[in-house]
Structures are given as C-alpha cells and as structure tokens.
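Here the structure is laid out as structure tokens; the discussion comes afterwards.
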Amino acid sequence: MADIDIPPHLIELERAAWAEQQAGALTLATASAVQAAYRGHAASARVSRLGLEMAVKKAVRHPEV
C-alpha cells in the first residue's frame with residue numbers, strides 16, 4: 001500500500017467523512033462523494049480501489065504509522 005499515490009483531495013474527502021462519522025452525522029452525500037472519488041482515482045491510476053481506500057483511511061486515521 002505504501003506505493004499508492006494518494007492525491008490530496010482524497011485525504012480531504014476522507015477527513016471530512018471521518019469527522020462526520022465521529023460526530024455521528026455521516027451523510028449519504030458525503031459517503032457517496034468519497035466512494036465515487038475512490039472509484040474514479042483507482043480506475044484512472046489503475047490501482048485497487050480497496051487498496052487505495054485502505055491506504056487513505058490509514059493516512060487519515062493513523063497518521064503516526
């Protein structure tokens with residue numbers, strides 16, 4: 001996963017979704033936007049969508065690792 005290029009906009013989208021989730025206020029619009037961004041970037045970069053999502057979530061939720 002370390003070799004997956006993570007664009008800044010994915011980090012920002014995931015941060016917004018994570019903040020909403022932590023507040024118990026995650027909206028369908030936010031979740032859908034994040035998933036669409038994952039699918040789009042994974043397809044254009046020819047990487048695993050799941051691998052990309054896991055890498056982004058790790059970067060957002062556990063930046064110290």
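The chains in the structure tokens are called A, B, ... from first to last as shown; in each chain the residues are counted from 1, and the ligands are counted from 1 in the order shown.
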As a PyMOL selection string, please: the residues near A:His41 (cut-off 12 Å, only C-alpha atoms, same-chain neighbours under 6 positions excluded).
chain A and resi 4-10+34-35+47-53+56
Would you save the residues from that selection as an mmCIF file, in the first residue's frame, using C-alpha atoms?
```cif
data_model
loop_
_atom_site.group_PDB
_atom_site.id
_atom_site.type_symbol
_atom_site.label_atom_id
_atom_site.label_comp_id
_atom_site.auth_asym_id
_atom_site.auth_seq_id
_atom_site.Cartn_x
_atom_site.Cartn_y
_atom_site.Cartn_z
ATOM 1 C CA ILE A 4 -0.084 4.028 -3.864
ATOM 2 C CA ASP A 5 -0.090 7.711 -4.774
ATOM 3 C CA ILE A 6 -2.733 9.424 -2.652
ATOM 4 C CA PRO A 7 -3.916 12.752 -4.062
ATOM 5 C CA PRO A 8 -4.639 15.494 -1.507
ATOM 6 C CA HIS A 9 -8.318 15.733 -2.460
ATOM 7 C CA LEU A 10 -8.868 12.132 -1.322
ATOM 8 C CA VAL A 34 -15.830 9.716 -1.012
ATOM 9 C CA GLN A 35 -16.645 6.377 -2.645
ATOM 10 C CA VAL A 47 -4.816 0.579 -8.700
ATOM 11 C CA SER A 48 -7.042 -1.478 -6.456
ATOM 12 C CA ARG A 49 -9.957 0.593 -5.161
ATOM 13 C CA LEU A 50 -9.870 -1.337 -1.898
ATOM 14 C CA GLY A 51 -6.111 -0.882 -1.547
ATOM 15 C CA LEU A 52 -6.479 2.829 -2.230
ATOM 16 C CA GLU A 53 -9.305 3.192 0.286
ATOM 17 C CA VAL A 56 -6.253 6.718 2.563
#
```
For a quick check of understanding, using only C-alpha atoms, which of A:Ala31, A:Ala36, A:Ala45, A:Val65 has the smallest distance to A:Trp18?
A:Ala31
8 Å contact set for A:Thr30, only C-alpha atoms, chain neighbours under 2 positions out, as a ChimeraX atom specification:
/A:13,16-17,26-28,32-34
Pick from A:Ala19, A:Asp3, A:Gly24, A:Arg46 nearest to A:Arg61, counting only C-alpha atoms:
A:Ala19
As a PDB file with N, CA and C atoms, in the first residue's frame, which residues of chain A does DSSP assign to helix (DSSP H, G or I)?
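Written file, states.pdb:
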```pdb
ATOM      1  N   PRO A   8      -4.149  14.720  -2.661  1.00  0.00           N
ATOM      2  CA  PRO A   8      -4.639  15.494  -1.507  1.00  0.00           C
ATOM      3  C   PRO A   8      -6.161  15.569  -1.407  1.00  0.00           C
ATOM      4  N   HIS A   9      -6.862  15.612  -2.544  1.00  0.00           N
ATOM      5  CA  HIS A   9      -8.318  15.733  -2.460  1.00  0.00           C
ATOM      6  C   HIS A   9      -8.951  14.496  -1.824  1.00  0.00           C
ATOM      7  N   LEU A  10      -8.338  13.328  -1.975  1.00  0.00           N
ATOM      8  CA  LEU A  10      -8.868  12.132  -1.322  1.00  0.00           C
ATOM      9  C   LEU A  10      -8.670  12.203   0.193  1.00  0.00           C
ATOM     10  N   ILE A  11      -7.535  12.728   0.603  1.00  0.00           N
ATOM     11  CA  ILE A  11      -7.278  12.903   2.039  1.00  0.00           C
ATOM     12  C   ILE A  11      -8.320  13.851   2.631  1.00  0.00           C
ATOM     13  N   GLU A  12      -8.577  14.951   1.949  1.00  0.00           N
ATOM     14  CA  GLU A  12      -9.552  15.929   2.454  1.00  0.00           C
ATOM     15  C   GLU A  12     -10.963  15.345   2.517  1.00  0.00           C
ATOM     16  N   LEU A  13     -11.355  14.618   1.473  1.00  0.00           N
ATOM     17  CA  LEU A  13     -12.683  13.990   1.486  1.00  0.00           C
ATOM     18  C   LEU A  13     -12.810  12.989   2.632  1.00  0.00           C
ATOM     19  N   GLU A  14     -11.781  12.177   2.815  1.00  0.00           N
ATOM     20  CA  GLU A  14     -11.823  11.172   3.882  1.00  0.00           C
ATOM     21  C   GLU A  14     -11.817  11.833   5.250  1.00  0.00           C
ATOM     22  N   ARG A  15     -11.056  12.922   5.408  1.00  0.00           N
ATOM     23  CA  ARG A  15     -11.069  13.653   6.688  1.00  0.00           C
ATOM     24  C   ARG A  15     -12.466  14.174   7.005  1.00  0.00           C
ATOM     25  N   ALA A  16     -13.130  14.715   5.996  1.00  0.00           N
ATOM     26  CA  ALA A  16     -14.487  15.229   6.202  1.00  0.00           C
ATOM     27  C   ALA A  16     -15.438  14.094   6.589  1.00  0.00           C
ATOM     28  N   ALA A  17     -15.331  12.975   5.891  1.00  0.00           N
ATOM     29  CA  ALA A  17     -16.192  11.832   6.197  1.00  0.00           C
ATOM     30  C   ALA A  17     -15.898  11.286   7.586  1.00  0.00           C
ATOM     31  N   TRP A  18     -14.630  11.207   7.953  1.00  0.00           N
ATOM     32  CA  TRP A  18     -14.239  10.691   9.263  1.00  0.00           C
ATOM     33  C   TRP A  18     -14.753  11.614  10.369  1.00  0.00           C
ATOM     34  N   ALA A  19     -14.657  12.920  10.167  1.00  0.00           N
ATOM     35  CA  ALA A  19     -15.162  13.878  11.155  1.00  0.00           C
ATOM     36  C   ALA A  19     -16.669  13.726  11.327  1.00  0.00           C
ATOM     37  N   GLU A  20     -17.384  13.582  10.217  1.00  0.00           N
ATOM     38  CA  GLU A  20     -18.837  13.372  10.302  1.00  0.00           C
ATOM     39  C   GLU A  20     -19.153  12.057  11.013  1.00  0.00           C
ATOM     40  N   GLN A  21     -18.405  11.024  10.689  1.00  0.00           N
ATOM     41  CA  GLN A  21     -18.640   9.725  11.304  1.00  0.00           C
ATOM     42  C   GLN A  21     -18.398   9.794  12.810  1.00  0.00           C
ATOM     43  N   GLN A  22     -17.326  10.443  13.216  1.00  0.00           N
ATOM     44  CA  GLN A  22     -17.015  10.576  14.640  1.00  0.00           C
ATOM     45  C   GLN A  22     -18.099  11.354  15.377  1.00  0.00           C
ATOM     46  N   LEU A  28     -25.233  10.524   3.618  1.00  0.00           N
ATOM     47  CA  LEU A  28     -25.138   9.716   2.415  1.00  0.00           C
ATOM     48  C   LEU A  28     -24.389  10.481   1.325  1.00  0.00           C
ATOM     49  N   ALA A  29     -24.594  11.774   1.263  1.00  0.00           N
ATOM     50  CA  ALA A  29     -23.913  12.594   0.250  1.00  0.00           C
ATOM     51  C   ALA A  29     -22.396  12.554   0.444  1.00  0.00           C
ATOM     52  N   THR A  30     -21.948  12.685   1.678  1.00  0.00           N
ATOM     53  CA  THR A  30     -20.510  12.648   1.950  1.00  0.00           C
ATOM     54  C   THR A  30     -19.942  11.272   1.644  1.00  0.00           C
ATOM     55  N   ALA A  31     -20.596  10.236   2.131  1.00  0.00           N
ATOM     56  CA  ALA A  31     -20.119   8.868   1.904  1.00  0.00           C
ATOM     57  C   ALA A  31     -20.083   8.553   0.413  1.00  0.00           C
ATOM     58  N   SER A  32     -21.089   8.973  -0.321  1.00  0.00           N
ATOM     59  CA  SER A  32     -21.140   8.728  -1.759  1.00  0.00           C
ATOM     60  C   SER A  32     -20.035   9.472  -2.492  1.00  0.00           C
ATOM     61  N   ALA A  33     -19.775  10.703  -2.077  1.00  0.00           N
ATOM     62  CA  ALA A  33     -18.715  11.502  -2.716  1.00  0.00           C
ATOM     63  C   ALA A  33     -17.349  10.857  -2.502  1.00  0.00           C
ATOM     64  N   VAL A  34     -17.109  10.356  -1.302  1.00  0.00           N
ATOM     65  CA  VAL A  34     -15.830   9.716  -1.012  1.00  0.00           C
ATOM     66  C   VAL A  34     -15.685   8.446  -1.847  1.00  0.00           C
ATOM     67  N   GLN A  35     -16.718   7.628  -1.885  1.00  0.00           N
ATOM     68  CA  GLN A  35     -16.645   6.377  -2.645  1.00  0.00           C
ATOM     69  C   GLN A  35     -16.473   6.636  -4.144  1.00  0.00           C
ATOM     70  N   ALA A  36     -17.161   7.647  -4.658  1.00  0.00           N
ATOM     71  CA  ALA A  36     -17.021   7.993  -6.076  1.00  0.00           C
ATOM     72  C   ALA A  36     -15.594   8.453  -6.374  1.00  0.00           C
ATOM     73  N   ALA A  37     -15.015   9.207  -5.454  1.00  0.00           N
ATOM     74  CA  ALA A  37     -13.637   9.675  -5.640  1.00  0.00           C
ATOM     75  C   ALA A  37     -12.667   8.498  -5.614  1.00  0.00           C
ATOM     76  N   TYR A  38     -12.896   7.539  -4.709  1.00  0.00           N
ATOM     77  CA  TYR A  38     -12.051   6.343  -4.673  1.00  0.00           C
ATOM     78  C   TYR A  38     -12.147   5.575  -5.986  1.00  0.00           C
ATOM     79  N   ARG A  39     -13.357   5.349  -6.449  1.00  0.00           N
ATOM     80  CA  ARG A  39     -13.548   4.599  -7.700  1.00  0.00           C
ATOM     81  C   ARG A  39     -12.885   5.312  -8.874  1.00  0.00           C
ATOM     82  N   GLY A  40     -13.094   6.614  -8.960  1.00  0.00           N
ATOM     83  CA  GLY A  40     -12.529   7.382 -10.070  1.00  0.00           C
ATOM     84  C   GLY A  40     -11.012   7.378 -10.076  1.00  0.00           C
ATOM     85  N   HIS A  41     -10.418   7.616  -8.921  1.00  0.00           N
ATOM     86  CA  HIS A  41      -8.957   7.651  -8.870  1.00  0.00           C
ATOM     87  C   HIS A  41      -8.368   6.264  -9.092  1.00  0.00           C
ATOM     88  N   ALA A  42      -8.983   5.257  -8.499  1.00  0.00           N
ATOM     89  CA  ALA A  42      -8.476   3.887  -8.672  1.00  0.00           C
ATOM     90  C   ALA A  42      -8.499   3.489 -10.141  1.00  0.00           C
ATOM     91  N   ALA A  43      -9.565   3.843 -10.834  1.00  0.00           N
ATOM     92  CA  ALA A  43      -9.674   3.497 -12.253  1.00  0.00           C
ATOM     93  C   ALA A  43      -8.628   4.239 -13.085  1.00  0.00           C
ATOM     94  N   SER A  44      -8.466   5.533 -12.822  1.00  0.00           N
ATOM     95  CA  SER A  44      -7.510   6.303 -13.627  1.00  0.00           C
ATOM     96  C   SER A  44      -6.060   5.953 -13.304  1.00  0.00           C
ATOM     97  N   ALA A  45      -5.787   5.608 -12.052  1.00  0.00           N
ATOM     98  CA  ALA A  45      -4.423   5.254 -11.656  1.00  0.00           C
ATOM     99  C   ALA A  45      -4.143   3.760 -11.818  1.00  0.00           C
ATOM    100  N   ARG A  49      -9.131  -0.361  -5.905  1.00  0.00           N
ATOM    101  CA  ARG A  49      -9.957   0.593  -5.161  1.00  0.00           C
ATOM    102  C   ARG A  49      -9.879   0.302  -3.670  1.00  0.00           C
ATOM    103  N   LEU A  50      -9.937  -0.967  -3.307  1.00  0.00           N
ATOM    104  CA  LEU A  50      -9.870  -1.337  -1.898  1.00  0.00           C
ATOM    105  C   LEU A  50      -8.511  -0.963  -1.304  1.00  0.00           C
ATOM    106  N   GLY A  51      -7.447  -1.248  -2.023  1.00  0.00           N
ATOM    107  CA  GLY A  51      -6.111  -0.882  -1.547  1.00  0.00           C
ATOM    108  C   GLY A  51      -5.970   0.616  -1.371  1.00  0.00           C
ATOM    109  N   LEU A  52      -6.511   1.375  -2.313  1.00  0.00           N
ATOM    110  CA  LEU A  52      -6.479   2.829  -2.230  1.00  0.00           C
ATOM    111  C   LEU A  52      -7.259   3.302  -1.008  1.00  0.00           C
ATOM    112  N   GLU A  53      -8.465   2.787  -0.845  1.00  0.00           N
ATOM    113  CA  GLU A  53      -9.305   3.192   0.286  1.00  0.00           C
ATOM    114  C   GLU A  53      -8.615   2.878   1.615  1.00  0.00           C
ATOM    115  N   MET A  54      -8.030   1.705   1.716  1.00  0.00           N
ATOM    116  CA  MET A  54      -7.339   1.329   2.946  1.00  0.00           C
ATOM    117  C   MET A  54      -6.152   2.254   3.220  1.00  0.00           C
ATOM    118  N   ALA A  55      -5.411   2.599   2.185  1.00  0.00           N
ATOM    119  CA  ALA A  55      -4.255   3.489   2.341  1.00  0.00           C
ATOM    120  C   ALA A  55      -4.686   4.882   2.788  1.00  0.00           C
ATOM    121  N   VAL A  56      -5.762   5.380   2.202  1.00  0.00           N
ATOM    122  CA  VAL A  56      -6.253   6.718   2.563  1.00  0.00           C
ATOM    123  C   VAL A  56      -6.765   6.713   4.001  1.00  0.00           C
ATOM    124  N   LYS A  57      -7.554   5.704   4.357  1.00  0.00           N
ATOM    125  CA  LYS A  57      -8.082   5.642   5.727  1.00  0.00           C
ATOM    126  C   LYS A  57      -6.951   5.530   6.742  1.00  0.00           C
ATOM    127  N   LYS A  58      -5.932   4.766   6.431  1.00  0.00           N
ATOM    128  CA  LYS A  58      -4.787   4.641   7.327  1.00  0.00           C
ATOM    129  C   LYS A  58      -4.094   5.992   7.479  1.00  0.00           C
ATOM    130  N   ALA A  59      -3.911   6.708   6.378  1.00  0.00           N
ATOM    131  CA  ALA A  59      -3.259   8.021   6.425  1.00  0.00           C
ATOM    132  C   ALA A  59      -4.058   9.026   7.245  1.00  0.00           C
ATOM    133  N   VAL A  60      -5.382   8.958   7.151  1.00  0.00           N
ATOM    134  CA  VAL A  60      -6.241   9.896   7.873  1.00  0.00           C
ATOM    135  C   VAL A  60      -6.396   9.503   9.340  1.00  0.00           C
ATOM    136  N   ARG A  61      -6.648   8.234   9.587  1.00  0.00           N
ATOM    137  CA  ARG A  61      -6.971   7.792  10.948  1.00  0.00           C
ATOM    138  C   ARG A  61      -5.757   7.449  11.791  1.00  0.00           C
TER     139      ARG A  61
END
```
